[in-house]
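Chemist: My file is protein04.cif. It has mmCIF, C-alpha atoms:
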```
data_structure
#
loop_
_atom_site.label_atom_id
_atom_site.label_comp_id
_atom_site.auth_asym_id
_atom_site.auth_seq_id
_atom_site.Cartn_x
_atom_site.Cartn_y
_atom_site.Cartn_z
CA MET A 1 0.00 0.00 0.00
CA LYS A 2 2.92 2.29 0.73
CA ALA A 3 4.16 1.91 -2.83
CA TYR A 4 0.74 2.94 -4.16
CA GLN A 5 0.74 5.98 -1.89
CA ALA A 6 4.21 6.92 -3.15
CA ASP A 7 2.91 6.76 -6.73
CA ILE A 8 -0.44 8.40 -6.02
CA ALA A 9 0.36 11.53 -8.02
CA LYS A 10 1.06 9.39 -11.09
CA PHE A 11 -2.27 7.61 -10.70
CA GLU A 12 -4.07 10.92 -10.29
CA GLN A 13 -2.45 12.21 -13.47
CA SER A 14 -3.91 9.18 -15.22
CA ASN A 15 -7.35 10.00 -13.81
CA THR A 16 -7.26 6.90 -11.64
CA GLN A 17 -8.70 6.25 -8.20
CA VAL A 18 -6.70 3.83 -6.05
CA LEU A 19 -8.70 1.74 -3.57
CA GLY A 20 -7.15 -0.72 -1.15
CA ILE A 21 -9.36 -3.61 0.01
CA SER A 22 -8.77 -6.11 2.79
CA VAL A 23 -10.86 -8.26 5.10
CA ASP A 24 -9.91 -6.13 8.09
CA SER A 25 -12.32 -3.97 10.05
CA SER A 26 -12.53 -0.23 9.36
CA PRO A 27 -10.80 0.64 12.69
CA ALA A 28 -7.92 -1.70 11.81
CA ASN A 29 -7.69 -0.07 8.38
CA LYS A 30 -7.69 3.38 9.98
CA ALA A 31 -4.81 2.42 12.24
CA PHE A 32 -2.98 0.88 9.26
CA ALA A 33 -3.56 3.97 7.09
CA GLU A 34 -2.22 6.26 9.83
CA GLN A 35 0.74 4.03 10.51
CA ILE A 36 1.94 3.91 6.90
CA GLY A 37 0.65 7.33 5.80
CA VAL A 38 -1.94 6.20 3.25
CA HIS A 39 -4.53 8.79 2.19
CA PHE A 40 -6.53 6.86 -0.38
CA PRO A 41 -9.54 4.77 0.79
CA LEU A 42 -8.82 1.43 2.43
CA LEU A 43 -12.05 -0.53 2.19
CA SER A 44 -13.16 -3.12 4.71
CA ASP A 45 -14.49 -6.37 3.24
CA PHE A 46 -15.09 -7.76 6.70
CA GLN A 47 -17.75 -10.19 5.49
CA ARG A 48 -15.47 -11.46 2.68
CA LYS A 49 -18.32 -11.02 0.22
CA VAL A 50 -16.38 -8.92 -2.26
CA SER A 51 -13.25 -11.08 -1.98
CA VAL A 52 -15.40 -14.10 -2.86
CA GLU A 53 -17.06 -12.29 -5.77
CA TYR A 54 -13.66 -11.36 -7.12
CA GLY A 55 -12.58 -14.97 -6.69
CA ILE A 56 -9.52 -14.23 -4.61
CA LEU A 57 -10.43 -15.34 -1.11
CA ASN A 58 -7.85 -17.73 0.26
CA GLU A 59 -10.29 -20.35 1.49
CA GLN A 60 -7.78 -22.02 3.73
CA TYR A 61 -7.02 -18.90 5.75
CA GLY A 62 -10.03 -16.67 5.08
CA PHE A 63 -8.23 -13.60 3.80
CA ALA A 64 -7.89 -12.18 0.31
CA ASN A 65 -4.90 -13.14 -1.77
CA ARG A 66 -2.84 -10.18 -2.86
CA THR A 67 -4.26 -9.17 -6.24
CA THR A 68 -4.63 -5.90 -8.12
CA PHE A 69 -7.41 -5.26 -10.64
CA VAL A 70 -7.38 -2.31 -13.01
CA VAL A 71 -10.95 -1.35 -13.94
CA ASP A 72 -11.63 1.16 -16.71
CA LYS A 73 -14.25 3.90 -16.69
CA GLU A 74 -16.80 1.54 -18.23
CA GLY A 75 -16.38 -0.89 -15.33
CA ILE A 76 -14.45 -3.47 -17.36
CA ILE A 77 -11.39 -5.24 -15.95
CA GLN A 78 -8.39 -4.30 -18.07
CA HIS A 79 -5.53 -5.80 -16.12
CA ILE A 80 -4.91 -8.25 -13.26
CA GLU A 81 -1.73 -8.68 -11.24
CA LYS A 82 -1.26 -11.36 -8.62
CA ASP A 83 0.92 -12.06 -5.61
CA ALA A 84 4.37 -10.46 -5.61
CA ALA A 85 3.71 -8.53 -8.84
CA ALA A 86 0.71 -6.86 -7.21
CA ILE A 87 2.93 -5.18 -4.59
CA ASP A 88 4.63 -3.08 -7.25
CA PRO A 89 2.22 -0.51 -8.71
CA THR A 90 4.31 0.05 -11.87
CA GLY A 91 2.34 -2.38 -14.05
CA ALA A 92 -1.03 -1.11 -12.85
CA HIS A 93 0.01 2.45 -13.50
CA ALA A 94 1.27 1.68 -17.00
CA VAL A 95 -2.17 0.26 -17.85
CA CYS A 96 -4.00 3.29 -16.43
CA SER A 97 -1.76 5.62 -18.34
CA LEU A 98 -2.46 3.71 -21.55
CA LEU A 99 -6.22 3.75 -20.91
CA GLU A 100 -6.17 7.49 -20.42
CA HIS A 101 -4.18 8.13 -23.58
CA LYS A 102 -6.39 5.85 -25.59
CA LYS A 103 -9.43 7.90 -24.66
CA GLN A 104 -8.05 11.36 -25.23
CA MET B 1 -48.33 -21.97 -12.78
CA ARG B 2 -48.08 -23.85 -9.54
CA ILE B 3 -45.86 -26.48 -11.12
CA LYS B 4 -43.66 -23.79 -12.60
CA SER B 5 -43.13 -22.11 -9.26
CA TYR B 6 -42.32 -25.45 -7.63
CA ALA B 7 -39.78 -26.04 -10.36
CA ALA B 8 -38.29 -22.61 -9.75
CA ALA B 9 -38.12 -23.29 -6.03
CA GLY B 10 -36.40 -26.60 -6.77
CA VAL B 11 -33.75 -24.85 -8.88
CA LEU B 12 -33.22 -22.31 -6.11
CA VAL B 13 -32.83 -24.99 -3.44
CA THR B 14 -30.35 -26.84 -5.64
CA ALA B 15 -28.36 -23.68 -6.20
CA LEU B 16 -28.32 -22.85 -2.50
CA GLY B 17 -27.37 -26.42 -1.69
CA LEU B 18 -24.07 -26.04 -3.53
CA PRO B 19 -21.07 -25.28 -1.31
CA PHE B 20 -21.92 -21.93 0.14
CA LEU B 21 -18.63 -20.13 0.01
CA ALA B 22 -17.54 -21.68 -3.27
CA GLN B 23 -16.09 -19.02 -5.51
CA GLY B 24 -17.14 -18.58 -9.10
CA ALA B 25 -14.71 -18.79 -11.97
CA PRO B 26 -11.88 -16.30 -11.43
CA LEU B 27 -12.41 -12.96 -13.09
CA LYS B 28 -10.60 -12.38 -16.35
CA VAL B 29 -9.52 -9.34 -18.31
CA GLY B 30 -12.56 -8.16 -20.27
CA ASP B 31 -15.03 -9.17 -17.54
CA ARG B 32 -17.25 -6.59 -15.88
CA ALA B 33 -15.93 -5.81 -12.38
CA PRO B 34 -18.56 -6.82 -9.79
CA GLU B 35 -20.18 -3.85 -8.05
CA PHE B 36 -19.46 -3.38 -4.35
CA ALA B 37 -20.20 -0.94 -1.55
CA LEU B 38 -17.73 -1.06 1.34
CA PRO B 39 -16.81 1.30 4.19
CA ASP B 40 -13.42 3.02 4.07
CA GLN B 41 -11.18 3.62 7.09
CA ASN B 42 -13.33 6.60 8.10
CA GLY B 43 -16.63 4.74 7.77
CA LYS B 44 -17.57 6.39 4.47
CA VAL B 45 -19.16 3.92 2.04
CA VAL B 46 -17.36 3.73 -1.31
CA LYS B 47 -19.01 2.10 -4.32
CA LEU B 48 -17.34 0.98 -7.50
CA SER B 49 -20.14 2.66 -9.44
CA ASP B 50 -19.15 6.01 -7.85
CA PHE B 51 -16.35 6.12 -10.43
CA LEU B 52 -18.22 4.72 -13.45
CA GLY B 53 -17.78 7.01 -16.43
CA LYS B 54 -15.42 9.24 -14.43
CA LYS B 55 -12.23 7.49 -13.40
CA ASN B 56 -10.26 4.31 -13.89
CA VAL B 57 -10.05 2.36 -10.64
CA VAL B 58 -7.16 0.35 -9.25
CA LEU B 59 -8.49 -2.20 -6.77
CA ALA B 60 -5.59 -3.41 -4.67
CA PHE B 61 -6.59 -6.34 -2.49
CA TYR B 62 -4.02 -6.68 0.25
CA VAL B 63 -3.27 -8.91 3.18
CA LEU B 64 -3.18 -7.11 6.46
CA ALA B 65 -4.76 -9.68 8.74
CA PHE B 66 -2.21 -11.93 10.44
CA THR B 67 0.74 -9.96 9.13
CA GLY B 68 1.11 -8.01 12.35
CA GLY B 69 0.96 -4.68 10.54
#
```
Please express what this file holds, its structure, as structure tokens.
Modeler:
Amino acid sequence: MKAYQADIAKFEQSNTQVLGISVDSSPANKAFAEQIGVHFPLLSDFQRKVSVEYGILNEQYGFANRTTFVVDKEGIIQHIEKDAAAIDPTGAHAVCSLLEHKKQ
Amino acid sequence: MRIKSYAAAGVLVTALGLPFLAQGAPLKVGDRAPEFALPDQNGKVVKLSDFLGKKNVVLAFYVLAFTGG
């Protein structure tokens, strides 16, 4: 999440909203956001409903696997990164930048 | 009509009888992103559709639970 915060200006330039999602409670997310200095929304999927719908809930442990989805303005998934690759926002940003240029 | 509604109920029961937390096929590029409405760290509800037609959205699912952070 820190890496996304560091790159937030780049995402904003590409007209992109970054949203973090985990299965933690809102208070836990608030503490986490303050601790690492994140200003974008960290959403609480406490009931795991969204993680299941996105097909990424680790059923053995009950938390979401680390995955990044890039969704365009029409609501269509344009890019998916999993596991270690999802920690680095470079790929996600490149896609957003492309999407923005395509539409201008 | 009655038979039809029984049939519909039967289909529903069968569907509900499937493993409850089973996940659907994983999402692929080109699929529509499922809508959601979830509270952020300040309790404000954020919906995916808030950004429809306005902004691209990066949804970063992360693991905080059990990582001690």
Chemist: Starting from the PyMOL selection byres ((chain B and resi 64) around 12), expand the selection into actual residues of this file and give them as a PyMOL selection string.
Modeler: (chain A and resi 1+20-26+28-33+42-46+62-66) or (chain B and resi 60-63+65-69)
Chemist: Could you check how far CA of Glu59 (chain A) sits from CA of Gln47 (chain A), in Å to one decimal?
Modeler: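 So the two atoms, CA of Glu59 (chain A) and CA of Gln47 (chain A), lie 13.2 Å apart.
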Chemist: Write out as number ranges by chain each polymer residue whose atoms come within 12 Å of Ala3 (chain A), counting all atoms listed in the file; drop sequence neighbours fewer than 5 positions from it.
Modeler: A: 8-11, 18, 20, 36-38, 86-90, 92-93; B: 60
Chemist: Nearest to Tyr54 (chain A) among A:Gln78, A:Ser97, A:Pro41, A:Thr68, with distances taken over only C-alpha atoms: which residue is it?
Modeler: A:Thr68
Chemist: For the provided coordinates, the residues matched by the PyMOL selection byres ((chain B) within 10 of (chain A)) should be stated as a VMD selection string.
Modeler: chain B and resid 21 to 49 51 to 66 69
Chemist: Just need the box for region 5-16 of chain A, edges along x, y and z, holding every atom the file lists for it with 4 Å tacked onto each side, so centre and edge lengths in Å to one decimal, as JSON.
Modeler:
```
{"center_x": -1.6, "center_y": 9.1, "center_z": -8.6, "size_x": 19.6, "size_y": 14.2, "size_z": 21.3}
```
